[in-house]
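Shown next: data.pdb, containing PDB, C-alpha atoms.
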ATOM      1  CA  MET M   1      51.723 -48.976-125.719
ATOM      2  CA  LYS M   2      49.155 -50.447-123.510
ATOM      3  CA  LYS M   3      47.254 -53.433-124.639
ATOM      4  CA  MET M   4      43.529 -52.910-124.689
ATOM      5  CA  GLN M   5      41.644 -55.464-122.729
ATOM      6  CA  GLN M   6      38.592 -56.846-124.385
ATOM      7  CA  LYS M   7      35.465 -57.401-122.319
ATOM      8  CA  HIS M   8      33.550 -60.584-123.003
ATOM      9  CA  SER M   9      29.882 -60.425-122.263
ATOM     10  CA  GLY M  10      27.463 -63.329-122.294
ATOM     11  CA  PHE M  11      26.448 -66.297-120.210
ATOM     12  CA  THR M  12      28.552 -69.201-119.148
ATOM     13  CA  LEU M  13      27.466 -72.749-119.800
ATOM     14  CA  ILE M  14      26.744 -73.272-116.098
ATOM     15  CA  GLU M  15      24.456 -70.244-115.981
ATOM     16  CA  LEU M  16      22.530 -71.480-119.027
ATOM     17  CA  MET M  17      22.182 -74.966-117.532
ATOM     18  CA  ILE M  18      20.778 -73.485-114.307
ATOM     19  CA  VAL M  19      18.193 -71.466-116.265
ATOM     20  CA  VAL M  20      17.159 -74.563-118.259
ATOM     21  CA  ALA M  21      16.809 -76.562-115.029
ATOM     22  CA  ILE M  22      14.623 -73.860-113.470
ATOM     23  CA  VAL M  23      12.383 -73.690-116.558
ATOM     24  CA  ALA M  24      12.062 -77.500-116.600
ATOM     25  CA  PHE M  25      11.121 -77.540-112.916
ATOM     26  CA  LEU M  26       8.474 -74.837-113.369
ATOM     27  CA  SER M  27       7.047 -76.691-116.380
ATOM     28  CA  MET M  28       6.894 -79.921-114.397
ATOM     29  CA  ILE M  29       4.894 -78.160-111.691
ATOM     30  CA  SER M  30       2.498 -76.351-114.048
ATOM     31  CA  VAL M  31       1.560 -79.160-116.507
ATOM     32  CA  PRO M  32      -0.793 -81.036-114.116
ATOM     33  CA  SER M  33      -2.608 -77.779-113.302
ATOM     34  CA  PHE M  34      -2.934 -76.997-116.986
ATOM     35  CA  MET M  35      -4.324 -80.482-117.739
ATOM     36  CA  ARG M  36      -6.909 -80.090-114.970
ATOM     37  CA  PHE M  37      -7.886 -76.716-116.428
ATOM     38  CA  LEU M  38      -8.389 -78.306-119.865
ATOM     39  CA  SER M  39     -10.538 -81.063-118.349
ATOM     40  CA  LYS M  40     -12.740 -78.518-116.594
ATOM     41  CA  ALA M  41     -13.175 -76.630-119.873
ATOM     42  CA  LYS M  42     -14.351 -79.845-121.538
ATOM     43  CA  ARG M  43     -16.822 -80.394-118.698
ATOM     44  CA  ALA M  44     -18.186 -76.857-119.197
ATOM     45  CA  GLU M  45     -19.176 -77.962-122.706
ATOM     46  CA  ALA M  46     -21.210 -80.794-121.172
ATOM     47  CA  TYR M  47     -23.055 -78.403-118.850
ATOM     48  CA  MET M  48     -23.948 -76.164-121.778
ATOM     49  CA  ASN M  49     -25.173 -79.006-124.012
ATOM     50  CA  LEU M  50     -27.162 -80.678-121.230
ATOM     51  CA  GLY M  51     -28.872 -77.346-120.575
ATOM     52  CA  ALA M  52     -29.805 -77.086-124.262
ATOM     53  CA  LEU M  53     -31.040 -80.694-124.262
ATOM     54  CA  TYR M  54     -33.228 -79.893-121.237
ATOM     55  CA  ILE M  55     -34.834 -76.951-123.076
ATOM     56  CA  ALA M  56     -35.505 -79.103-126.157
ATOM     57  CA  GLN M  57     -37.116 -81.814-123.997
ATOM     58  CA  LYS M  58     -39.331 -79.253-122.207
ATOM     59  CA  ALA M  59     -40.495 -77.787-125.530
ATOM     60  CA  PHE M  60     -41.261 -81.288-126.856
ATOM     61  CA  HIS M  61     -43.180 -82.131-123.656
ATOM     62  CA  ALA M  62     -45.247 -78.940-123.931
ATOM     63  CA  GLU M  63     -46.278 -79.920-127.454
ATOM     64  CA  HIS M  64     -46.668 -83.711-127.122
ATOM     65  CA  GLY M  65     -47.345 -84.306-123.407
ATOM     66  CA  LYS M  66     -44.372 -86.677-122.989
ATOM     67  CA  TYR M  67     -40.589 -86.779-123.107
ATOM     68  CA  SER M  68     -38.692 -88.726-125.766
ATOM     69  CA  THR M  69     -35.473 -90.732-126.071
ATOM     70  CA  VAL M  70     -35.328 -89.745-129.747
ATOM     71  CA  LEU M  71     -33.371 -86.516-129.939
ATOM     72  CA  ASN M  72     -33.047 -86.025-133.684
ATOM     73  CA  GLY M  73     -35.010 -87.235-136.671
ATOM     74  CA  PRO M  74     -38.658 -88.268-137.077
ATOM     75  CA  GLY M  75     -40.524 -88.034-133.761
ATOM     76  CA  GLY M  76     -37.497 -86.481-132.072
ATOM     77  CA  VAL M  77     -37.186 -83.429-129.882
ATOM     78  CA  GLY M  78     -35.109 -81.623-132.518
ATOM     79  CA  TRP M  79     -31.793 -81.463-130.680
ATOM     80  CA  LYS M  80     -28.240 -82.368-131.615
ATOM     81  CA  PRO M  81     -24.883 -80.939-130.521
ATOM     82  CA  GLU M  82     -23.630 -77.927-132.446
ATOM     83  CA  GLY M  83     -21.699 -78.991-135.538
ATOM     84  CA  TYR M  84     -22.652 -82.682-135.359
ATOM     85  CA  THR M  85     -21.735 -84.634-138.517
ATOM     86  CA  THR M  86     -21.526 -88.422-138.098
ATOM     87  CA  GLY M  87     -20.048 -88.917-134.633
ATOM     88  CA  GLY M  88     -16.584 -89.839-133.409
ATOM     89  CA  ALA M  89     -13.104 -88.388-133.458
ATOM     90  CA  ASN M  90     -13.797 -85.743-136.112
ATOM     91  CA  GLU M  91     -16.539 -83.991-134.119
ATOM     92  CA  ARG M  92     -16.082 -80.544-132.609
ATOM     93  CA  PHE M  93     -17.573 -81.548-129.231
ATOM     94  CA  TYR M  94     -16.028 -83.927-126.690
ATOM     95  CA  TYR M  95     -18.732 -85.817-124.786
ATOM     96  CA  THR M  96     -21.249 -88.429-125.926
ATOM     97  CA  TYR M  97     -24.776 -87.093-125.320
ATOM     98  CA  GLY M  98     -28.212 -88.650-125.153
ATOM     99  CA  PHE M  99     -29.865 -91.921-124.214
ATOM    100  CA  ALA M 100     -28.535 -95.484-124.077
ATOM    101  CA  GLY M 101     -29.823 -97.740-126.804
ATOM    102  CA  GLY M 102     -31.210 -96.367-129.999
ATOM    103  CA  GLN M 103     -29.121 -95.226-132.886
ATOM    104  CA  GLU M 104     -26.178 -92.873-133.408
ATOM    105  CA  GLY M 105     -27.494 -89.545-134.659
ATOM    106  CA  GLN M 106     -30.971 -90.153-133.238
ATOM    107  CA  SER M 107     -30.854 -91.216-129.580
ATOM    108  CA  TYR M 108     -27.225 -90.376-128.870
ATOM    109  CA  PHE M 109     -24.349 -88.415-130.385
ATOM    110  CA  THR M 110     -20.744 -89.557-130.012
ATOM    111  CA  GLY M 111     -18.149 -86.824-129.471
ATOM    112  CA  LYS M 112     -14.428 -86.802-130.189
ATOM    113  CA  LEU M 113     -13.609 -88.641-126.937
ATOM    114  CA  ASN M 114     -15.467 -91.659-128.437
ATOM    115  CA  SER M 115     -17.260 -92.617-125.228
ATOM    116  CA  PRO M 116     -19.637 -95.504-125.994
ATOM    117  CA  ALA M 117     -23.417 -95.182-125.632
ATOM    118  CA  SER M 118     -23.169 -97.849-122.918
ATOM    119  CA  ASP M 119     -21.824 -95.091-120.620
ATOM    120  CA  LEU M 120     -25.309 -93.522-120.793
ATOM    121  CA  GLN M 121     -26.996 -96.357-118.844
ATOM    122  CA  GLN M 122     -28.818 -94.203-116.270
ATOM    123  CA  THR M 123     -30.982 -92.594-118.953
ATOM    124  CA  GLN M 124     -34.723 -92.841-119.600
ATOM    125  CA  ALA M 125     -37.665 -90.836-120.888
ATOM    126  CA  GLY M 126     -41.375 -91.250-120.255
ATOM    127  CA  GLN M 127     -44.660 -89.454-119.767
ATOM    128  CA  ASP M 128     -43.611 -87.201-116.897
ATOM    129  CA  SER M 129     -39.843 -87.543-116.509
ATOM    130  CA  PHE M 130     -36.554 -87.939-118.305
ATOM    131  CA  VAL M 131     -32.892 -88.366-117.489
ATOM    132  CA  ALA M 132     -30.388 -87.692-120.279
ATOM    133  CA  ALA M 133     -26.624 -88.034-119.913
ATOM    134  CA  ALA M 134     -23.261 -86.868-121.151
ATOM    135  CA  ALA M 135     -20.194 -89.122-120.899
ATOM    136  CA  GLY M 136     -16.539 -88.612-121.763
ATOM    137  CA  ASP M 137     -13.120 -89.710-120.538
ATOM    138  CA  ILE M 138     -11.821 -86.163-120.276
ATOM    139  CA  ASP M 139      -8.432 -86.939-118.742
ATOM    140  CA  GLY M 140      -7.633 -90.173-120.593
ATOM    141  CA  ASP M 141      -7.485 -92.435-117.526
ATOM    142  CA  GLY M 142     -10.094 -94.953-118.743
ATOM    143  CA  LEU M 143     -12.814 -93.685-116.366
ATOM    144  CA  ALA M 144     -15.682 -91.750-117.945
ATOM    145  CA  ASP M 145     -16.958 -88.455-116.585
ATOM    146  CA  ILE M 146     -20.762 -88.904-116.507
ATOM    147  CA  LEU M 147     -23.252 -86.074-115.975
ATOM    148  CA  THR M 148     -27.046 -86.276-116.116
ATOM    149  CA  VAL M 149     -29.877 -83.785-116.502
ATOM    150  CA  ASN M 150     -33.521 -84.402-115.605
ATOM    151  CA  GLN M 151     -36.930 -82.791-116.135
ATOM    152  CA  PHE M 152     -36.194 -80.287-113.347
ATOM    153  CA  ASN M 153     -32.926 -79.155-114.995
ATOM    154  CA  ASP M 154     -30.908 -80.727-112.167
ATOM    155  CA  ILE M 155     -27.479 -81.448-113.601
ATOM    156  CA  LYS M 156     -25.616 -84.010-111.505
ATOM    157  CA  ILE M 157     -22.153 -85.496-111.734
ATOM    158  CA  VAL M 158     -22.827 -89.253-111.522
ATOM    159  CA  GLN M 159     -19.200 -90.316-112.029
ATOM    160  CA  ASP M 160     -16.471 -87.711-111.483
ATOM    161  CA  ASP M 161     -13.478 -88.194-113.775
ATOM    162  CA  LEU M 162     -11.699 -85.241-112.164
ATOM    163  CA  ALA M 163     -11.740 -86.654-108.628
TER     164      ALA M 163
END
The structure in this file should be written as structure tokens.
Amino acid sequence: MKKMQQKHSGFTLIELMIVVAIVAFLSMISVPSFMRFLSKAKRAEAYMNLGALYIAQKAFHAEHGKYSTVLNGPGGVGWKPEGYTTGGANERFYYTYGFAGGQEGQSYFTGKLNSPASDLQQTQAGQDSFVAAAAGDIDGDGLADILTVNQFNDIKIVQDDLA
């Protein structure tokens, strides 16, 4: 009688190691692109909130004839970021928004990136003009991404954390 030969199917250890090496290489290439994508998504939040802050300031100016550094509370423009609670790491938004000086929850709102209000130094509000800011270290390198909006709805990147 003839012996039946058994066929073994599967992958050798070398083949599996080559596949793992290829996957690791592709991951190494794609992670920086993915991190940049996440940073840009965080910046999109800042554009949206600065646009909303601009609208609130314009409505306040139409009613009171001046702009204000008080965003929320008595005498404020009636604006705060969506979902704001008390500021800091537990917030649902990333950037710190508002005006330097003043008080948390009134003149500025700290997002989960915990950027200090001192990053909002270029801000001011007066009779005929205002400049409000958003700041956040979106890529964790110690340099804040700072954007401003003014009475003309010009949103500018003052300090680019993605550069």
Just the residues within 9 Å of M:Leu143, please, counting only C-alpha atoms, with nothing from its chain fewer than 6 positions along; format it as a PDB file with C-alpha atoms, in the frame of the given file.
ATOM      1  CA  GLY M 136     -16.539 -88.612-121.763  1.00  0.00           C
ATOM      2  CA  ASP M 137     -13.120 -89.710-120.538  1.00  0.00           C
ATOM      3  CA  GLN M 159     -19.200 -90.316-112.029  1.00  0.00           C
ATOM      4  CA  ASP M 160     -16.471 -87.711-111.483  1.00  0.00           C
ATOM      5  CA  ASP M 161     -13.478 -88.194-113.775  1.00  0.00           C
TER       6      ASP M 161
END
Residues of stretch 110-132 of chain M at most 6 Å from stretch 60-75 of chain M: nearest atom pair and distance in Å, all atoms listed in the file, as JSON lines:
{"residue": "M:Ala125", "atom": "CA", "partner": "M:Ser68", "partner_atom": "CA", "distance": 5.4}
{"residue": "M:Gly126", "atom": "CA", "partner": "M:Tyr67", "partner_atom": "CA", "distance": 5.4}
{"residue": "M:Gln127", "atom": "CA", "partner": "M:Lys66", "partner_atom": "CA", "distance": 4.3}
Build an axis-aligned box that encloses every atom of stretch 40-55 of chain M listed in the file, pad it by 4 Å on each side, and report its centre and edge lengths in Å to one decimal, as AutoDock Vina command-line options.
--center_x -23.8 --center_y -78.5 --center_z -120.4 --size_x 30.1 --size_y 12.6 --size_z 15.7
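For the structure shown here, the set of residues caught by the PyMOL selection byres ((chain M and resi 144) around 10) is Tyr95, Leu113, Ser115, Pro116, Asp119, Ala134, Ala135, Gly136, Asp137, Ile138, Asp139, Gly140, Asp141, Gly142, Leu143, Asp145, Ile146, Leu147, Val158, Gln159, Asp160, Asp161 and Leu162 of chain M.
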Counting all atoms listed in the file, which residue out of M:Thr96, M:Gln57, M:Gln124, M:Ser30 sits closest to M:Arg43? M:Thr96
How many Å separate atom CA of M:Thr12 from atom CA of M:Ile29?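 Result for atom CA of M:Thr12 versus atom CA of M:Ile29: 26.4 Å, one decimal.
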Have a look at M:Gly10, M:Gly51, M:Gly111, M:Pro32 and name the one nearest to M:Tyr84; count all atoms listed in the file.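 Among M:Gly10, M:Gly51, M:Gly111, M:Pro32, it is M:Gly111 that comes nearest to M:Tyr84.
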Could stretch 68-81 of chain M be completed with N, CA and C atoms and written as a compact mmCIF listing (two decimals), in the frame of the given file, please?
# COMPACT_ATOMS: atom_id res chain seq x y z
N SER M 68 -39.08 -87.73 -124.77
CA SER M 68 -38.69 -88.73 -125.77
C SER M 68 -37.21 -89.07 -125.67
N THR M 69 -36.87 -90.32 -125.98
CA THR M 69 -35.47 -90.73 -126.07
C THR M 69 -34.92 -90.47 -127.47
N VAL M 70 -35.77 -90.09 -128.39
CA VAL M 70 -35.33 -89.74 -129.75
C VAL M 70 -35.03 -88.24 -129.76
N LEU M 71 -33.78 -87.92 -129.98
CA LEU M 71 -33.37 -86.52 -129.94
C LEU M 71 -33.41 -85.85 -131.30
N ASN M 72 -33.14 -86.60 -132.35
CA ASN M 72 -33.05 -86.02 -133.68
C ASN M 72 -33.70 -86.97 -134.68
N GLY M 73 -34.36 -86.41 -135.66
CA GLY M 73 -35.01 -87.24 -136.67
C GLY M 73 -36.51 -87.29 -136.45
N PRO M 74 -37.19 -88.17 -137.19
CA PRO M 74 -38.66 -88.27 -137.08
C PRO M 74 -39.10 -88.60 -135.64
N GLY M 75 -40.02 -87.82 -135.12
CA GLY M 75 -40.52 -88.03 -133.76
C GLY M 75 -39.57 -87.58 -132.68
N GLY M 76 -38.50 -86.91 -133.05
CA GLY M 76 -37.50 -86.48 -132.07
C GLY M 76 -37.78 -85.09 -131.53
N VAL M 77 -37.01 -84.73 -130.53
CA VAL M 77 -37.19 -83.43 -129.88
C VAL M 77 -36.51 -82.30 -130.66
N GLY M 78 -35.76 -82.63 -131.69
CA GLY M 78 -35.11 -81.62 -132.52
C GLY M 78 -33.83 -81.06 -131.93
N TRP M 79 -33.05 -81.93 -131.27
CA TRP M 79 -31.79 -81.46 -130.68
C TRP M 79 -30.64 -82.32 -131.15
N LYS M 80 -29.52 -81.69 -131.40
CA LYS M 80 -28.24 -82.37 -131.62
C LYS M 80 -27.14 -81.37 -131.26
N PRO M 81 -25.97 -81.86 -130.88
CA PRO M 81 -24.88 -80.94 -130.52
C PRO M 81 -24.48 -80.07 -131.71
